[in-house]
Amino acid sequence: MTTIVWFRQDLRLSDNPALSWAAERGDIVPVYILDRTGHGPYEQMGAASHWWLHHSLKALDQDIGGLHILQGDPATLLRDLADRSGADAISWNRCYEPFAINRDRNIKQQMQELGLEARSFNGNLLHEPWHFHTKAGGPYKVFTPFWKALRPNGAEKPLPRPKFKIASQKSGDTLDSLGLLPKKPNWAKGWEDEWKPGEIGARDRLDGFLEAGLAGYANGRNRPDKEKVSRLSPHLHFGEISPRQIVFGARLAAERKASLERESDKFLSELGWREFSYHLLCNFPDLPEKNLRPDFDAYPWRKSDGDLAAWQKGLTGYPFVDAGMRQLWETGWMHNRVRMVTASFLIKHLRIDWRQGEAWFWDTLVDADLANNSASWQWVAGSGADAAPYFRIFNPITQGRKFDPNGDYVRQWCPELSALPDKYIHAPFEAPDAVLEKAGVTLGKDYPLPIVEHANARKAALAGYEKVKKAD
DNA sequence: TTTTGAGTTGTTCGA
DNA sequence: GTCGAACAACTCAAA
């Protein structure tokens, strides 16, 4: 008996239910297919995700020894592979993007018509997103009751890496022929020092975090100048580690040391937000494109390519915002606290449509994830589920002073400001001329003047929300 | 059906 | 410097 194991967002061998099921049946034919069929928004990965995928596939191929790598239309390619390999079954772990759900449903049916047994599993979430609903029968729209109902009490033991035998010789495209890496310019220079895609890298990251980051996580997680967050997001997105493995690890750490109980709960609730985002995306498939609250359709967004570009490049004149945007561009990742501040700045200070920010993050984040990205952008905009109240407008100066008190984070990503004293590092435009001169900073030349003035921008944003209210 | 309590992450203003 | 209230009502989820 031979089973095709279709790898997608589960690029790991341990705690992989589709793989374990196949390995038990007999020989396996492992395959990854770069789906080139999607034309809708977000049906193709962004550039940074492609970089990650390349390295993750390389790691998986080395580990599994004989991964088929293909590109094109999965339905056609799988039929062909079934034919060539003589497989009598196929298995995969579910994806939850609306287009993927449709695609997989069709493929399952086609495979069954060809006489193959087709099985899908949950390998990527703690709960199936459609499995839970409120007592009234609808989807949850508030995080707290959602997580109260779904929070795992114990820790289920993850599946071990199974023993398996590869059925046939490797064939198909080579990894390099997928063309996933940037060429000119190579904007991913240095990323290999920053990240270690693949199952081993994911495991190392979790172990390192549980060892060093979990203590003090509840507060430390807000500090972009420190190394207190797990940075597991890209590993999780590509399924190099499963949420179940993370829950198991965190619970074990908390059992060994009682003081970690609270920290571990806080950490796991971040996984809860991931689950919540998937719950929302599955129940509201338009989430990536449409305001969940339709009254927000009346919001008077500004169009300004210049301001959008300044935001993207980290040239807004607000150091905390610029540091975040440059960290994103230079490493493919941004600290969560800074994601909120930069997103709030685009939406509220510049009054640019949240979808523009969503698209930029999609292209530049190595952890770009449809559910998380769209739910989070709508949350900041105020148009989403359990959204931030519209009057909650982050002050980029205050946020910087609070969460990067010594300016270390700003100095790392905006080195042209590094000689400024702490007092002015988050607001160079407030510094007296003599201070700027001493630090070698000429505003408007070495570093931009603010593209909007905070107090006015805040007022304008609030005025915009008046329109939303009136539209009701 | 109605009621009740609550809702990730903030800022500003005035006492 | 610190503290509490206002921001604006509304929607959600459960009892």
# chains A, B, ... in the order shown; residues from 1 in each chain; ligands from 1

call {"tool": "interface_residues", "arguments": {"of": "chain C", "to": "chain A", "cutoff": "10 Å", "atoms": "only C-alpha atoms (C1' of nucleotides)", "output": "ChimeraX atom specification"}}
result
/C:7-8,11-14

call {"tool": "interface_residues", "arguments": {"of": "chain B", "to": "chain A", "cutoff": "12 Å", "atoms": "only C-alpha atoms (C1' of nucleotides)", "output": "list in words"}}
result
DA6, DG7, DT8, DT9, DG10, DT11 and DT12 of chain B

call {"tool": "write_last_selection", "arguments": {"atoms": "N, CA and C atoms (P, O5', C5', C4', C3', O3' and C1' of nucleotides)", "output": "compact mmCIF listing (two decimals), in the first residue's frame"}}
result
# COMPACT_ATOMS: atom_id res chain seq x y z
P DA B 6 -18.35 42.53 35.14
O5' DA B 6 -17.68 42.27 33.72
C5' DA B 6 -17.95 41.06 33.03
C4' DA B 6 -17.48 41.23 31.61
C3' DA B 6 -16.23 42.10 31.50
O3' DA B 6 -15.31 41.42 30.67
C1' DA B 6 -17.91 42.91 30.05
P DG B 7 -13.80 41.86 30.63
O5' DG B 7 -13.68 42.17 29.08
C5' DG B 7 -14.25 41.25 28.14
C4' DG B 7 -14.18 41.89 26.78
C3' DG B 7 -12.93 42.74 26.57
O3' DG B 7 -12.48 42.56 25.24
C1' DG B 7 -14.83 44.07 26.29
P DT B 8 -11.47 41.40 25.01
O5' DT B 8 -10.21 42.36 25.08
C5' DT B 8 -9.00 41.80 24.71
C4' DT B 8 -7.91 42.54 25.41
C3' DT B 8 -7.72 43.97 24.87
O3' DT B 8 -7.31 44.82 25.94
C1' DT B 8 -5.79 42.65 24.47
P DT B 9 -7.30 46.37 25.64
O5' DT B 9 -5.77 46.59 25.27
C5' DT B 9 -4.82 46.56 26.29
C4' DT B 9 -3.44 46.59 25.69
C3' DT B 9 -3.16 47.83 24.82
O3' DT B 9 -1.96 48.43 25.28
C1' DT B 9 -2.45 45.88 23.75
P DG B 10 -2.12 49.88 26.00
O5' DG B 10 -3.14 50.63 25.01
C5' DG B 10 -2.82 50.96 23.69
C4' DG B 10 -2.99 52.45 23.46
C3' DG B 10 -2.09 53.34 24.31
O3' DG B 10 -1.59 54.36 23.46
C1' DG B 10 -4.36 53.90 24.70
P DT B 11 -0.62 55.48 24.00
O5' DT B 11 -1.62 56.70 24.11
C5' DT B 11 -2.35 57.07 22.94
C4' DT B 11 -3.14 58.32 23.23
C3' DT B 11 -2.34 59.45 23.86
O3' DT B 11 -2.61 60.61 23.10
C1' DT B 11 -4.29 58.98 25.15
P DT B 12 -1.86 61.97 23.37
O5' DT B 12 -2.93 62.75 24.21
C5' DT B 12 -4.25 62.86 23.69
C4' DT B 12 -5.14 63.53 24.70
C3' DT B 12 -4.49 64.74 25.40
O3' DT B 12 -5.42 65.80 25.33
C1' DT B 12 -5.37 63.24 27.00

call {"tool": "select_by_dssp", "arguments": {"residues": "region 194-317 of chain A", "states": "helix (DSSP H, G or I)", "output": "PyMOL selection string"}}
result
chain A and resi 194+199-212+217-220+233-237+243-256+258-283+294-298+305-313

call {"tool": "atom_distance", "arguments": {"atom1": "CA of Leu19 (chain A)", "atom2": "CA of Glu156 (chain A)"}}
result
18.2 Å

call {"tool": "residues_around", "arguments": {"residues": "Ala87 (chain A)", "least_positions_apart": "5", "cutoff": "7 Å", "atoms": "only C-alpha atoms (C1' of nucleotides)", "output": "PyMOL selection string"}}
result
chain A and resi 2-4+82

call {"tool": "write_last_selection", "arguments": {"atoms": "C-alpha atoms", "output": "PDB file, in the first residue's frame"}}
result
ATOM      1  CA  THR A   2       1.343   3.365  -1.017  1.00  0.00           C
ATOM      2  CA  THR A   3       0.202   6.783   0.181  1.00  0.00           C
ATOM      3  CA  ILE A   4       0.901  10.195  -1.279  1.00  0.00           C
ATOM      4  CA  ALA A  82      -0.961   8.971  -8.314  1.00  0.00           C
TER       5      ALA A  82
END

call {"tool": "atom_distance", "arguments": {"atom1": "CA of Gln356 (chain A)", "atom2": "CA of His235 (chain A)"}}
result
25.2 Å

call {"tool": "closest_residue", "arguments": {"among": "A:Trp354, A:Phe238, A:Trp333, A:Tyr318", "to": "Glu430 (chain A)", "atoms": "only C-alpha atoms"}}
result
A:Tyr318

call {"tool": "atom_distance", "arguments": {"atom1": "CA of Leu150 (chain A)", "atom2": "CA of Glu275 (chain A)"}}
result
9.1 Å

call {"tool": "residues_around", "arguments": {"residues": "Trp52 (chain A)", "least_positions_apart": "6", "cutoff": "10 Å", "atoms": "only C-alpha atoms (C1' of nucleotides)", "output": "number ranges by chain"}}
result
A: 58, 180-181, 188, 191-192, 195-198, 234-235, 238, 332, 365-367

call {"tool": "write_last_selection", "arguments": {"atoms": "C-alpha atoms", "output": "compact mmCIF listing (two decimals), in the first residue's frame"}}
result
# COMPACT_ATOMS: atom_id res chain seq x y z
CA LYS A 58 15.38 22.44 1.58
CA LEU A 180 11.76 31.37 -4.81
CA LEU A 181 14.84 33.38 -3.88
CA ALA A 188 17.35 38.88 1.86
CA TRP A 191 18.59 36.52 6.58
CA GLU A 192 20.30 33.18 6.90
CA TRP A 195 16.56 32.75 10.71
CA LYS A 196 16.82 28.99 10.59
CA PRO A 197 13.78 27.75 8.64
CA GLY A 198 12.87 24.10 9.06
CA PRO A 234 7.14 31.96 10.66
CA HIS A 235 7.83 28.44 11.91
CA PHE A 238 4.79 26.95 7.64
CA GLY A 332 11.20 40.00 7.17
CA LEU A 365 6.66 39.33 6.36
CA VAL A 366 8.23 35.89 6.52
CA ASP A 367 5.34 34.91 8.79

call {"tool": "residues_around", "arguments": {"residues": "DA5 (chain C)", "least_positions_apart": "3", "cutoff": "12 Å", "atoms": "only C-alpha atoms (C1' of nucleotides)", "output": "PyMOL selection string"}}
result
chain B and resi 12-15

call {"tool": "closest_residue", "arguments": {"among": "A:Ala250, A:Asp422, A:Ala202, A:Leu350", "to": "Ala59 (chain A)", "atoms": "only C-alpha atoms"}}
result
A:Ala202
